[in-house]
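Novice: Please find one structure pasted underneath; my questions will follow.
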Amino acid sequence: MRRFAGTEEGFTYGRTSNPTVTSFEQRLAALEGTETAIGASTGMGAILMMCMGLLKMGDHVICSRSMFGSTLNLFAKEFSKFGVETSFVSQTDVTEWRDALRPTTKLLFAETPTNPLTDVCDIRALADLAHSVGALLAVDNCFCSPALQRPTELGADLVIHSGTKYLDGQGRVMAGAICGPSRLIVDVFGPVVRTAGMALAPFNAWVVLKGLETLGIRMQAQCANALAVAEWLETQPAVSRVYYPGLKSHPQHELAMRQQSGQGGAVLSFDVRGGDPETARANAFHIINSTRVVSIATNLGDTKTIITHPGTTSHGRLTEAQRQAAGIGQGLIRLAVGLDHIDDIKTDLLRGFDTLSI
Ligand SMILES: *Cc1c(COP(=O)(O)O)cnc(C)c1O
């Protein structure tokens with residue numbers, strides 16, 4: 001009775017709390033440097049929990065146009081039904097965020113680096129902007145993980161995670177979390193999970209807990225591999241452009257190095273040469289289908305290297321014009337670099353590069 005009344009600490013029912021899930025929440029909070037954290041069934045479940053907890057009809061949100069596709073849909077379609085309006089702005093131009101501010105703005109939501117073009121936004125600048133109007137800044141830290149980037153140290157209020165990616169690290173389970181201060185996690189988001197039910201399963205929490213034990217060394221090793229692949233790709237005649245924050249050619253290289261502990265992360269993309277969209281797509285498919293070691297899949301964050309064609313998968317439902325506006329050409333290939341030997345990755349890509357007719 002006392003536990004249900006909240007006058008005594010303890011576990012009552014799995015949707016409310018569970019010892020394994022609590023253990024995951026405490027360790028993730030320690031890694032992010034936040035007071036506490038709350039688990040969710042998936043990364044999208046965590047974002048939904050944040051929206052349900054913070055927003056009501058008439059509120060306004062600002063987020064970048066380059067956010068994760070399902071995040072864009074959640075705001076543009078699902079939440080607009082409930083009278084929450086969202087402005088979509090440039091990932092990198094802070095003045096667009098400032099110009100979009102309204103008296104009703106409650107939340108700025110950023111993701112850095114973005115998928116698949118690895119654009120980096122300035123967390124400190126966006127936090128200052130949010131706080132200047134009494135709004136909150138949430139950062140989706142999926143691509144860097146706390147091993148590289150701790151957004152609350154740069155002023156962010158909340159950190160969102162898809163535990164499905166680097167936190168698990170081996171593509172085994174789905175999981176999500178929000179990290180932040182107790183006044184939001186315990187008082188605002190706790191009641192949302194209890195009533196809406198996007199709770200993290202204890203088994204999944206246990207798997208991700210095991211993943212956290214190797215997060216630091218996995219990220220270091222995968223970043224080193226990704227940098228080596230990115231530098232090599234820049235020398236390949238079949239490749240016209242490489243997108244990777246660890247490269248000096250990346251437009252926000254300096255900012256990325258400051259925010260991300262001097263690392264570029266483990267995801268990179270590159271454009272394959274080939275004039276019109278159809279030729280570019282045929283060339284990209286040829287390279288992807290010529291691989292034997294890397295996996296063709298849409299996930300990322302795995303110790304296995306994963307190759308994807310964003311134009312027909314994550315961004316496949318957009319019109320060609322929308323894709324062009326987002327900078328996702330048909331020749332674009334995303335590589336989420338894992339722990340495979342660098343020579344195996346190069347050999348695998350060369351199989352396609354060497355037999356391309358350009
Ligand atoms: C995968 C991903 C999500 C969603 O996570 P799920 O666990 O698949 O629901 C959110 N944000 C980013 C940046 C992602 O890569």
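In the structure tokens, the first chain shown is A, the next is B, and so on; residue numbers restart at 1 for each chain, and ligands run from 1 in the order shown.
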Per DSSP on the backbone, what are the strand (DSSP E or B) residues of range 33-255 of chain A, as a ChimeraX atom specification?

Specialist: /A:36-40,60-64,85-89,105-111,136-140,158-162,176-180,239-243

Novice: Once you count only C-alpha atoms and all ligand atoms, which residues end up within 10 Å of ligand 1, and could you hand them over as an mmCIF file with N, CA and C atoms, in the first residue's frame?

Specialist:
```cif
data_model
loop_
_atom_site.group_PDB
_atom_site.id
_atom_site.type_symbol
_atom_site.label_atom_id
_atom_site.label_comp_id
_atom_site.auth_asym_id
_atom_site.auth_seq_id
_atom_site.Cartn_x
_atom_site.Cartn_y
_atom_site.Cartn_z
ATOM 1 N N ALA A 40 12.674 3.432 -22.207
ATOM 2 C CA ALA A 40 11.499 3.356 -23.081
ATOM 3 C C ALA A 40 11.665 2.132 -23.977
ATOM 4 N N SER A 41 10.549 1.699 -24.559
ATOM 5 C CA SER A 41 10.560 0.481 -25.373
ATOM 6 C C SER A 41 11.463 0.602 -26.597
ATOM 7 N N THR A 42 11.506 1.794 -27.193
ATOM 8 C CA THR A 42 12.328 2.056 -28.386
ATOM 9 C C THR A 42 12.777 3.522 -28.326
ATOM 10 N N GLY A 43 13.624 3.904 -29.260
ATOM 11 C CA GLY A 43 14.004 5.316 -29.350
ATOM 12 C C GLY A 43 12.797 6.191 -29.652
ATOM 13 N N MET A 44 11.937 5.726 -30.573
ATOM 14 C CA MET A 44 10.740 6.508 -30.902
ATOM 15 C C MET A 44 9.792 6.575 -29.708
ATOM 16 N N GLY A 45 9.761 5.486 -28.914
ATOM 17 C CA GLY A 45 8.948 5.492 -27.695
ATOM 18 C C GLY A 45 9.427 6.576 -26.741
ATOM 19 N N ALA A 46 10.748 6.778 -26.674
ATOM 20 C CA ALA A 46 11.312 7.817 -25.802
ATOM 21 C C ALA A 46 10.899 9.207 -26.308
ATOM 22 N N ILE A 47 10.933 9.398 -27.625
ATOM 23 C CA ILE A 47 10.570 10.710 -28.188
ATOM 24 C C ILE A 47 9.074 10.975 -27.984
ATOM 25 N N LEU A 48 8.262 9.921 -28.159
ATOM 26 C CA LEU A 48 6.819 10.060 -27.914
ATOM 27 C C LEU A 48 6.557 10.429 -26.448
ATOM 28 N N MET A 67 16.242 15.839 -39.265
ATOM 29 C CA MET A 67 16.112 14.856 -38.182
ATOM 30 C C MET A 67 15.793 13.475 -38.752
ATOM 31 N N PHE A 68 15.943 12.468 -37.915
ATOM 32 C CA PHE A 68 15.567 11.085 -38.218
ATOM 33 C C PHE A 68 14.143 11.054 -38.809
ATOM 34 N N GLY A 69 13.933 10.277 -39.880
ATOM 35 C CA GLY A 69 12.673 10.294 -40.618
ATOM 36 C C GLY A 69 11.427 10.075 -39.769
ATOM 37 N N SER A 70 11.463 9.101 -38.863
ATOM 38 C CA SER A 70 10.284 8.830 -38.034
ATOM 39 C C SER A 70 10.020 9.989 -37.074
ATOM 40 N N THR A 71 11.070 10.676 -36.643
ATOM 41 C CA THR A 71 10.902 11.848 -35.782
ATOM 42 C C THR A 71 10.167 12.943 -36.553
ATOM 43 N N ALA A 110 16.997 18.813 -31.340
ATOM 44 C CA ALA A 110 18.110 18.718 -32.285
ATOM 45 C C ALA A 110 18.679 17.311 -32.299
ATOM 46 N N GLU A 111 19.385 17.008 -33.357
ATOM 47 C CA GLU A 111 20.029 15.695 -33.493
ATOM 48 C C GLU A 111 21.358 15.965 -34.176
ATOM 49 N N THR A 112 22.442 15.466 -33.623
ATOM 50 C CA THR A 112 23.738 15.789 -34.227
ATOM 51 C C THR A 112 24.762 14.706 -33.938
ATOM 52 N N PRO A 113 25.484 14.213 -34.961
ATOM 53 C CA PRO A 113 25.331 14.500 -36.389
ATOM 54 C C PRO A 113 24.062 13.838 -36.933
ATOM 55 N N THR A 114 23.606 14.323 -38.111
ATOM 56 C CA THR A 114 22.382 13.785 -38.685
ATOM 57 C C THR A 114 22.648 12.566 -39.557
ATOM 58 N N ASN A 115 21.560 11.890 -39.838
ATOM 59 C CA ASN A 115 21.550 10.696 -40.657
ATOM 60 C C ASN A 115 20.931 11.040 -42.017
ATOM 61 N N PRO A 116 21.519 10.774 -43.132
ATOM 62 C CA PRO A 116 22.813 10.139 -43.359
ATOM 63 C C PRO A 116 23.954 11.123 -43.673
ATOM 64 N N VAL A 139 18.273 16.912 -27.093
ATOM 65 C CA VAL A 139 19.203 16.473 -28.139
ATOM 66 C C VAL A 139 19.123 14.954 -28.279
ATOM 67 N N ASP A 140 18.898 14.481 -29.495
ATOM 68 C CA ASP A 140 18.957 13.053 -29.811
ATOM 69 C C ASP A 140 20.439 12.710 -29.972
ATOM 70 N N ASN A 141 20.969 11.938 -29.008
ATOM 71 C CA ASN A 141 22.417 11.680 -28.964
ATOM 72 C C ASN A 141 22.768 10.289 -29.476
ATOM 73 N N CYS A 142 21.911 9.777 -30.346
ATOM 74 C CA CYS A 142 22.026 8.419 -30.833
ATOM 75 C C CYS A 142 23.352 8.156 -31.576
ATOM 76 N N PHE A 143 23.767 9.094 -32.434
ATOM 77 C CA PHE A 143 24.934 8.858 -33.287
ATOM 78 C C PHE A 143 26.256 8.906 -32.530
ATOM 79 N N CYS A 144 26.336 9.724 -31.481
ATOM 80 C CA CYS A 144 27.608 9.854 -30.763
ATOM 81 C C CYS A 144 27.648 8.998 -29.506
ATOM 82 N N ILE A 160 18.001 12.323 -25.614
ATOM 83 C CA ILE A 160 17.199 11.193 -26.090
ATOM 84 C C ILE A 160 18.133 10.108 -26.618
ATOM 85 N N HIS A 161 17.780 8.852 -26.323
ATOM 86 C CA HIS A 161 18.560 7.739 -26.881
ATOM 87 C C HIS A 161 17.698 6.684 -27.535
ATOM 88 N N SER A 162 18.192 6.166 -28.661
ATOM 89 C CA SER A 162 17.721 4.895 -29.166
ATOM 90 C C SER A 162 18.748 3.891 -28.686
ATOM 91 N N GLY A 163 18.382 3.066 -27.706
ATOM 92 C CA GLY A 163 19.310 2.057 -27.185
ATOM 93 C C GLY A 163 19.560 0.949 -28.196
ATOM 94 N N THR A 164 18.722 0.931 -29.235
ATOM 95 C CA THR A 164 18.816 -0.041 -30.322
ATOM 96 C C THR A 164 20.141 0.080 -31.079
ATOM 97 N N LYS A 165 20.755 1.263 -31.030
ATOM 98 C CA LYS A 165 21.933 1.526 -31.847
ATOM 99 C C LYS A 165 23.216 1.231 -31.047
ATOM 100 N N TYR A 166 24.005 2.261 -30.741
ATOM 101 C CA TYR A 166 25.321 1.996 -30.133
ATOM 102 C C TYR A 166 25.247 1.478 -28.697
ATOM 103 N N VAL A 173 18.504 -6.014 -29.562
ATOM 104 C CA VAL A 173 17.189 -5.653 -29.003
ATOM 105 C C VAL A 173 16.854 -4.199 -29.340
ATOM 106 N N MET A 174 15.612 -3.832 -29.114
ATOM 107 C CA MET A 174 15.205 -2.435 -29.243
ATOM 108 C C MET A 174 15.064 -1.841 -27.847
ATOM 109 N N ALA A 175 15.468 -0.587 -27.721
ATOM 110 C CA ALA A 175 15.401 0.094 -26.429
ATOM 111 C C ALA A 175 15.490 1.588 -26.653
ATOM 112 N N GLY A 176 15.080 2.367 -25.649
ATOM 113 C CA GLY A 176 15.188 3.818 -25.739
ATOM 114 C C GLY A 176 15.278 4.409 -24.352
ATOM 115 N N ALA A 177 15.601 5.702 -24.269
ATOM 116 C CA ALA A 177 15.694 6.353 -22.958
ATOM 117 C C ALA A 177 15.685 7.865 -23.112
ATOM 118 N N THR A 298 19.236 -1.719 -42.701
ATOM 119 C CA THR A 298 18.969 -0.298 -42.412
ATOM 120 C C THR A 298 19.384 0.103 -41.012
ATOM 121 N N ASN A 299 19.821 -0.832 -40.195
ATOM 122 C CA ASN A 299 20.232 -0.483 -38.828
ATOM 123 C C ASN A 299 21.597 0.214 -38.853
ATOM 124 N N LEU A 300 22.014 0.713 -37.698
ATOM 125 C CA LEU A 300 23.368 1.240 -37.532
ATOM 126 C C LEU A 300 23.739 1.041 -36.075
ATOM 127 N N GLY A 301 25.018 1.262 -35.758
ATOM 128 C CA GLY A 301 25.429 1.124 -34.363
ATOM 129 C C GLY A 301 25.865 -0.276 -34.012
#
```

Novice: Identify, with DSSP run on backbone atoms, the residues in range 73-118 of chain A assigned to alpha helix (DSSP H), and express the list as a ChimeraX atom specification.

Specialist: /A:73,94-100

Novice: May I have the residues within 6 Å of range 17-26 of chain A as a VMD selection string, using only C-alpha atoms and disregarding those fewer than 6 positions away in the same chain?

Specialist: chain A and resid 11 37 to 38 202 205 209

Novice: Any idea what's packed within 6 Å of range 342-355 of chain A, counting only C-alpha atoms, ignoring anything in its chain fewer than 4 positions away? Could you give it as a VMD selection string?

Specialist: chain A and resid 287 290 to 291

Novice: Would you write out those residues with N, CA and C atoms, as a compact mmCIF listing (two decimals), in the first residue's frame?

Specialist:
```txt
# COMPACT_ATOMS: atom_id res chain seq x y z
N ILE A 287 27.61 -1.21 -56.23
CA ILE A 287 28.61 -1.24 -55.16
C ILE A 287 28.06 -1.98 -53.93
N SER A 290 27.79 -5.71 -54.55
CA SER A 290 29.06 -6.41 -54.74
C SER A 290 29.73 -6.76 -53.42
N THR A 291 29.20 -6.26 -52.31
CA THR A 291 29.86 -6.53 -51.01
C THR A 291 29.55 -7.96 -50.55
```

Novice: Excluding same-chain residues fewer than 6 positions from Gln260 in chain A, what lies within 12 Å of it counting only C-alpha atoms, as number ranges by chain?

Specialist: A: 112-113, 120-123, 141, 143-151, 153-154, 219-220, 223, 245-246, 252-254, 266

Novice: Can you pull out the residues contacting Thr104 in chain A? Cut-off 8 Å, using only C-alpha atoms, and skip same-chain residues under 5 positions away; I want them as an mmCIF file with N, CA, C and O atoms, in the first residue's frame.

Specialist:
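Below is the file that was written, around_18.cif:
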```
data_model
loop_
_atom_site.group_PDB
_atom_site.id
_atom_site.type_symbol
_atom_site.label_atom_id
_atom_site.label_comp_id
_atom_site.auth_asym_id
_atom_site.auth_seq_id
_atom_site.Cartn_x
_atom_site.Cartn_y
_atom_site.Cartn_z
ATOM 1 N N GLY A 58 -1.693 23.852 -28.940
ATOM 2 C CA GLY A 58 -1.311 25.254 -28.988
ATOM 3 C C GLY A 58 0.188 25.482 -28.813
ATOM 4 O O GLY A 58 0.684 26.573 -29.083
ATOM 5 N N ASP A 59 0.910 24.445 -28.362
ATOM 6 C CA ASP A 59 2.359 24.601 -28.187
ATOM 7 C C ASP A 59 3.081 24.507 -29.535
ATOM 8 O O ASP A 59 2.553 23.960 -30.502
ATOM 9 N N HIS A 60 4.300 25.024 -29.534
ATOM 10 C CA HIS A 60 5.086 25.081 -30.767
ATOM 11 C C HIS A 60 6.463 24.458 -30.523
ATOM 12 O O HIS A 60 7.048 24.619 -29.447
#
```

Novice: Taking into account only C-alpha atoms, which residue in the set A:Gly265, A:Gly180, A:Gly83, A:Gly155 is nearest to Ala30 in chain A?

Specialist: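 Once distances to Ala30 in chain A are computed over only C-alpha atoms, the minimum belongs to A:Gly180.
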
Novice: Can you tell me, as a short mmCIF file (atom, residue, chain, number, x, y, z; two decimals) with N, CA and C atoms, in the first residue's frame, what residues are no more than 12 Å from Asp99 in chain A when counting only C-alpha atoms, ignoring any on the same chain fewer than 6 positions away?

Specialist:
```
data_model
loop_
_atom_site.label_atom_id
_atom_site.label_comp_id
_atom_site.auth_asym_id
_atom_site.auth_seq_id
_atom_site.Cartn_x
_atom_site.Cartn_y
_atom_site.Cartn_z
N ILE A 62 10.38 23.53 -32.45
CA ILE A 62 11.29 23.77 -33.59
C ILE A 62 12.24 22.60 -33.69
N SER A 87 7.92 23.86 -36.49
CA SER A 87 8.65 24.53 -37.57
C SER A 87 9.90 23.72 -37.87
N PHE A 88 10.13 23.44 -39.14
CA PHE A 88 11.31 22.68 -39.55
C PHE A 88 12.32 23.64 -40.15
N VAL A 89 13.53 23.66 -39.60
CA VAL A 89 14.53 24.66 -39.99
C VAL A 89 15.84 24.00 -40.37
N SER A 90 16.80 24.82 -40.78
CA SER A 90 18.12 24.33 -41.19
C SER A 90 18.85 23.68 -40.02
N ASP A 93 22.07 26.42 -39.56
CA ASP A 93 21.97 27.88 -39.51
C ASP A 93 21.13 28.32 -38.30
N THR A 105 6.62 28.75 -28.19
CA THR A 105 7.66 27.72 -28.39
C THR A 105 8.03 27.09 -27.04
N LEU A 129 19.65 29.69 -27.08
CA LEU A 129 18.46 30.21 -27.77
C LEU A 129 17.19 29.72 -27.08
#
```

Novice: Identify which of the residues A:His250, A:Tyr13, A:Gln330, A:Glu35 lies closest to Leu184 in chain A, counting only C-alpha atoms when measuring atom-to-atom distances.

Specialist: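 Closest to Leu184 in chain A of all the choices is A:Glu35.
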
Novice: Report, in Å to a single decimal, how far apart CA of Tyr243 in chain A and CA of Phe285 in chain A are.

Specialist: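 Distance reported for this atom pair: 18.7 Å.
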